[in-house]
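Scroll down for the structure; my scribbles are underneath it.
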Amino acid sequence: MESVKRAREKVLEAGRGMLQKGLVTATWGNISCRVEGKDYIAITPSGMEYDKLAEEDIVVLDMQGNLIFGRRRPSIELPLHLNLYNSRQDIQAIIHTHSTYATALACAHKHIAPIVEEMVQVAGGDVRVAKYALPGSGKLAENVLTAIRDRYAVLLANHGMIGTAGTLEEALKVCEIVEKAAKITVLCSIVGQPVPISFEDVQTMRKSYTTDYGQK
Ligand SMILES: [Zn+2]
């Protein structure tokens with residue numbers, strides 16, 4: 001099954017990218033994507049180191065969470081991933097990290113205001129905070145949906161962040177840019193009050209990013 005193999009390879013690749021970019025420590029965080037042409041997702045296994053993962057360690061499940069391929073236990077955040085895929089058809093890939101500055105703001109229960117241009121382009125506006133619930137719980141999956149609404153990123157109170165997109169490459173970029181915006185928010189608060197970009201300008205930038213940014 002070619003599309004299953006491809007999805008598993010993409011998850012492995014994103015795991016290596018996440019390590020390289022310093023967005024994760026040891027086994028924390030998780031990665032998933034939809035399997036093209038199937039009602040399946042491919043997700044990282046629970047508690048394994050990213051640089052030691054092989055293709056068959058990536059778990060493939062259907063949209064109800066039934067095991068299709070693999071012999072590992074899936075990430076404990078599986079309910080959160082499934083909930084997002086089942087309610088947002090535009091989301092094809094999800095990366096969850098515990099990156100430092102995003103988590104710092106999440107611990108203060110502070111959203112990332114729309115102050116940085118590239119962040120509003122990839123996230124679609126500010127990045128809200130999902131209310132605290134225990135990791136892996138159905139309640140956390142619910143709180144994430146309540147907070148993310150139409151955005152592509154969300155902070156998890158006292159925990160970390162989630163970046164979503166149409167591809168894993170893009171989801172990794174979302175995580176990187178949100179982490180940078182979180183760092184800027186913290187630094188900016190030292191020298192003054194962060195000044196948000198207007199709602200209209202945020203809408204315009206998001207639109208031009210999704211329609212004509214880059215070499216299209
Ligand atoms: Zn986590």
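Scheme for the structure tokens: letters A, B, ... for chains in order shown; per-chain residue numbers from 1; ligand numbers from 1 in order shown.
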inquiry  = If we count only C-alpha atoms and set the cut-off at 12 Å, which residues sit around A:Met1, ignoring sequence neighbours fewer than 2 positions away in its own chain? Please answer as a PyMOL selection string.
reply    = chain A and resi 3-8+35-38+60+68-69
Output N, CA, C and O atoms for every residue in that selection, as a compact mmCIF listing (two decimals), in the first residue's frame.
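File produced: result14.txt:
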# COMPACT_ATOMS: atom_id res chain seq x y z
N SER A 3 0.36 4.55 -0.40
CA SER A 3 0.06 5.79 0.34
C SER A 3 0.33 5.63 1.84
O SER A 3 0.72 6.58 2.51
N VAL A 4 0.17 4.41 2.37
CA VAL A 4 0.47 4.14 3.79
C VAL A 4 1.97 4.28 4.02
O VAL A 4 2.42 4.93 4.97
N LYS A 5 2.75 3.70 3.11
CA LYS A 5 4.21 3.77 3.19
C LYS A 5 4.69 5.23 3.15
O LYS A 5 5.51 5.65 3.96
N ARG A 6 4.10 5.99 2.23
CA ARG A 6 4.47 7.40 2.08
C ARG A 6 4.16 8.20 3.34
O ARG A 6 4.96 9.00 3.80
N ALA A 7 2.97 7.96 3.91
CA ALA A 7 2.56 8.69 5.12
C ALA A 7 3.51 8.37 6.28
O ALA A 7 3.94 9.26 7.01
N ARG A 8 3.88 7.09 6.41
CA ARG A 8 4.80 6.70 7.48
C ARG A 8 6.17 7.36 7.30
O ARG A 8 6.78 7.82 8.26
N VAL A 35 -3.54 9.61 5.67
CA VAL A 35 -3.03 8.76 4.59
C VAL A 35 -3.84 9.10 3.35
O VAL A 35 -5.07 9.02 3.37
N GLU A 36 -3.13 9.51 2.29
CA GLU A 36 -3.80 9.96 1.07
C GLU A 36 -4.73 8.89 0.50
O GLU A 36 -4.35 7.72 0.38
N GLY A 37 -5.96 9.29 0.18
CA GLY A 37 -6.91 8.38 -0.46
C GLY A 37 -7.55 7.36 0.47
O GLY A 37 -8.31 6.49 0.02
N LYS A 38 -7.24 7.42 1.78
CA LYS A 38 -7.79 6.46 2.74
C LYS A 38 -8.35 7.23 3.93
O LYS A 38 -7.88 8.33 4.22
N VAL A 60 -0.67 3.03 12.13
CA VAL A 60 -1.72 3.45 11.21
C VAL A 60 -3.07 3.02 11.77
O VAL A 60 -3.25 1.85 12.14
N ILE A 68 -4.92 -0.35 12.22
CA ILE A 68 -4.90 -0.92 10.87
C ILE A 68 -3.55 -1.59 10.61
O ILE A 68 -3.50 -2.75 10.22
N PHE A 69 -2.45 -0.84 10.83
CA PHE A 69 -1.09 -1.40 10.68
C PHE A 69 -0.21 -0.96 11.85
O PHE A 69 -0.34 0.16 12.33
request  = Produce as a VMD selection string the set of residues near ligand 1, where near means within 10 Å with only C-alpha atoms and all ligand atoms considered.
outcome  = chain A and resid 24 27 to 30 75 to 77 96 to 99 134 to 136 156 158 to 162
Writer output for current selection, N, CA and C atoms, as an mmCIF file, in the first residue's frame:
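The result, stored in selection.cif:
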data_model
loop_
_atom_site.group_PDB
_atom_site.id
_atom_site.type_symbol
_atom_site.label_atom_id
_atom_site.label_comp_id
_atom_site.auth_asym_id
_atom_site.auth_seq_id
_atom_site.Cartn_x
_atom_site.Cartn_y
_atom_site.Cartn_z
ATOM 1 N N VAL A 24 11.870 19.879 20.270
ATOM 2 C CA VAL A 24 11.429 18.802 21.138
ATOM 3 C C VAL A 24 12.612 18.226 21.903
ATOM 4 N N THR A 27 11.561 12.149 23.993
ATOM 5 C CA THR A 27 10.433 11.492 23.321
ATOM 6 C C THR A 27 9.163 12.335 23.360
ATOM 7 N N TRP A 28 9.251 13.545 23.896
ATOM 8 C CA TRP A 28 8.024 14.322 24.028
ATOM 9 C C TRP A 28 7.538 14.887 22.701
ATOM 10 N N GLY A 29 6.233 15.103 22.605
ATOM 11 C CA GLY A 29 5.639 15.602 21.369
ATOM 12 C C GLY A 29 5.174 14.439 20.513
ATOM 13 N N ASN A 30 4.388 14.714 19.505
ATOM 14 C CA ASN A 30 3.924 13.664 18.589
ATOM 15 C C ASN A 30 3.519 14.251 17.250
ATOM 16 N N SER A 75 0.741 7.154 20.077
ATOM 17 C CA SER A 75 0.910 8.278 21.004
ATOM 18 C C SER A 75 -0.310 8.415 21.912
ATOM 19 N N ILE A 76 -0.075 8.802 23.170
ATOM 20 C CA ILE A 76 -1.216 8.953 24.092
ATOM 21 C C ILE A 76 -2.135 10.101 23.670
ATOM 22 N N GLU A 77 -1.615 11.011 22.813
ATOM 23 C CA GLU A 77 -2.464 12.128 22.375
ATOM 24 C C GLU A 77 -3.316 11.770 21.147
ATOM 25 N N HIS A 96 2.670 18.160 17.468
ATOM 26 C CA HIS A 96 2.562 18.664 18.835
ATOM 27 C C HIS A 96 3.954 18.724 19.441
ATOM 28 N N THR A 97 4.354 19.907 19.918
ATOM 29 C CA THR A 97 5.683 20.057 20.524
ATOM 30 C C THR A 97 5.564 20.652 21.928
ATOM 31 N N HIS A 98 6.672 20.572 22.663
ATOM 32 C CA HIS A 98 6.758 21.214 23.976
ATOM 33 C C HIS A 98 7.842 22.285 23.893
ATOM 34 N N SER A 99 7.915 23.006 22.788
ATOM 35 C CA SER A 99 8.999 23.974 22.595
ATOM 36 C C SER A 99 8.943 25.054 23.683
ATOM 37 N N LEU A 134 -5.709 16.901 31.606
ATOM 38 C CA LEU A 134 -4.600 15.948 31.656
ATOM 39 C C LEU A 134 -4.194 15.485 30.254
ATOM 40 N N PRO A 135 -2.862 15.266 30.025
ATOM 41 C CA PRO A 135 -2.422 14.797 28.709
ATOM 42 C C PRO A 135 -3.108 13.481 28.339
ATOM 43 N N GLY A 136 -3.468 13.374 27.072
ATOM 44 C CA GLY A 136 -4.077 12.136 26.594
ATOM 45 C C GLY A 136 -5.571 12.022 26.882
ATOM 46 N N LEU A 156 -1.393 24.710 24.518
ATOM 47 C CA LEU A 156 -2.055 23.849 25.498
ATOM 48 C C LEU A 156 -1.596 24.299 26.875
ATOM 49 N N ASN A 158 -0.174 24.909 30.354
ATOM 50 C CA ASN A 158 0.782 24.149 31.190
ATOM 51 C C ASN A 158 1.347 22.908 30.494
ATOM 52 N N HIS A 159 1.488 22.964 29.160
ATOM 53 C CA HIS A 159 1.851 21.745 28.444
ATOM 54 C C HIS A 159 2.703 22.016 27.192
ATOM 55 N N GLY A 160 2.173 22.689 26.179
ATOM 56 C CA GLY A 160 2.941 22.860 24.943
ATOM 57 C C GLY A 160 2.121 23.529 23.862
ATOM 58 N N MET A 161 2.348 23.134 22.610
ATOM 59 C CA MET A 161 1.601 23.732 21.504
ATOM 60 C C MET A 161 1.293 22.698 20.431
ATOM 61 N N ILE A 162 0.380 23.091 19.507
ATOM 62 C CA ILE A 162 0.032 22.237 18.367
ATOM 63 C C ILE A 162 0.052 23.090 17.112
#
request  = Write out as a ChimeraX atom specification each polymer residue whose atoms come within 12 Å of A:Val120, counting only C-alpha atoms; drop sequence neighbours fewer than 3 positions from it.
outcome  = /A:112-117,123-127,151-153,174,177-178,181,196-210
ask   = So which one's closest to A:Ile184, A:His109, A:Pro45, A:Met18, A:Ala102? Using only C-alpha atoms, please.
value = A:Ala102
Kindly provide the residues of stretch 56-133 of chain A that approach stretch 146-150 of chain A to within 12 Å, each paired with its closest atom pair and their distance in Å to one decimal, based on only C-alpha atoms, listed by chain and increasing number, as a tab-separated table.
residue	atom	partner	partner_atom	distance
A:Leu80	CA	A:Thr146	CA	11.8
A:Asn83	CA	A:Thr146	CA	11.1
A:Leu84	CA	A:Ile148	CA	9.3
A:Ser87	CA	A:Arg149	CA	9.8
A:Arg88	CA	A:Asp150	CA	8.7
A:Gln89	CA	A:Asp150	CA	11.3
A:Asp90	CA	A:Asp150	CA	9.9
A:Ile91	CA	A:Asp150	CA	10.5
A:His111	CA	A:Ala147	CA	10.5
A:Val122	CA	A:Asp150	CA	11.9
A:Ala123	CA	A:Asp150	CA	9.1
A:Gly124	CA	A:Asp150	CA	7.7
A:Gly125	CA	A:Asp150	CA	9.2
A:Asp126	CA	A:Ile148	CA	9.9
A:Val127	CA	A:Ile148	CA	7.8
A:Arg128	CA	A:Ala147	CA	6.0
A:Val129	CA	A:Ala147	CA	6.3
A:Ala130	CA	A:Ala147	CA	5.1
A:Lys131	CA	A:Ala147	CA	7.9
A:Tyr132	CA	A:Ala147	CA	11.2
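Shortest atom-to-atom contact with A:Leu155 among A:Ile58, A:Leu19, A:Met48, A:Leu140: A:Leu140, counting only C-alpha atoms.
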task = Write out as a ChimeraX atom specification all residues of stretch 3-216 of chain A that backbone DSSP assigns to strand (DSSP E or B).
result = /A:30-34,40-43,45,59-62,67-69,74,93-97,112,127,129-130,153-156,160-165
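Proximity ranking of A:Thr44, A:Glu49, A:Lys110, A:Ala54 relative to A:Leu78 places A:Thr44 first, based on only C-alpha atoms.
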inquiry  = I want to know what sits within 8 Å of A:Arg71, based on only C-alpha atoms, with residues of the same chain fewer than 3 positions away left out; could you give that as a PyMOL selection string?
reply    = chain A and resi 56-57+59
Print the selection's residues with C-alpha atoms to a file, as a compact mmCIF listing (two decimals), in the first residue's frame.
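Result went into selection_2.txt, see below:
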# COMPACT_ATOMS: atom_id res chain seq x y z
CA GLU A 56 7.08 0.05 10.90
CA ASP A 57 7.08 1.84 14.30
CA VAL A 59 1.09 3.33 13.80
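Taking atom CA of A:Gly15 as the reference point, atom CA of A:Ser32 is found at 9.8 Å.
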ask   = So which bits of chain A end up alpha helix (DSSP H) when you DSSP the backbone, as a VMD selection string?
value = chain A and resid 2 to 20 78 to 87 100 to 107 117 to 123 138 to 148 168 to 191 199 to 212
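Between atom CA of A:Tyr50 and atom CA of A:Arg16 the separation is 6.4 Å.
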note = Between atom CA of A:Thr103 and atom CA of A:Arg34 lies a distance of 26.1 Å
Counting only C-alpha atoms, the option among A:Cys188, A:Ala42, A:Asp51, A:Met119 closest to A:Gln20 = A:Asp51
remark   = The residue from A:Val195, A:Ile95, A:Ile190, A:Ala157 with the smallest atom-to-atom distance to A:Leu23, counting only C-alpha atoms, is A:Ile95
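Among A:Leu145, A:Cys175, A:Leu168, A:Leu61, the residue with the shortest atom-to-atom distance to A:Glu118, counting only C-alpha atoms, is A:Cys175.
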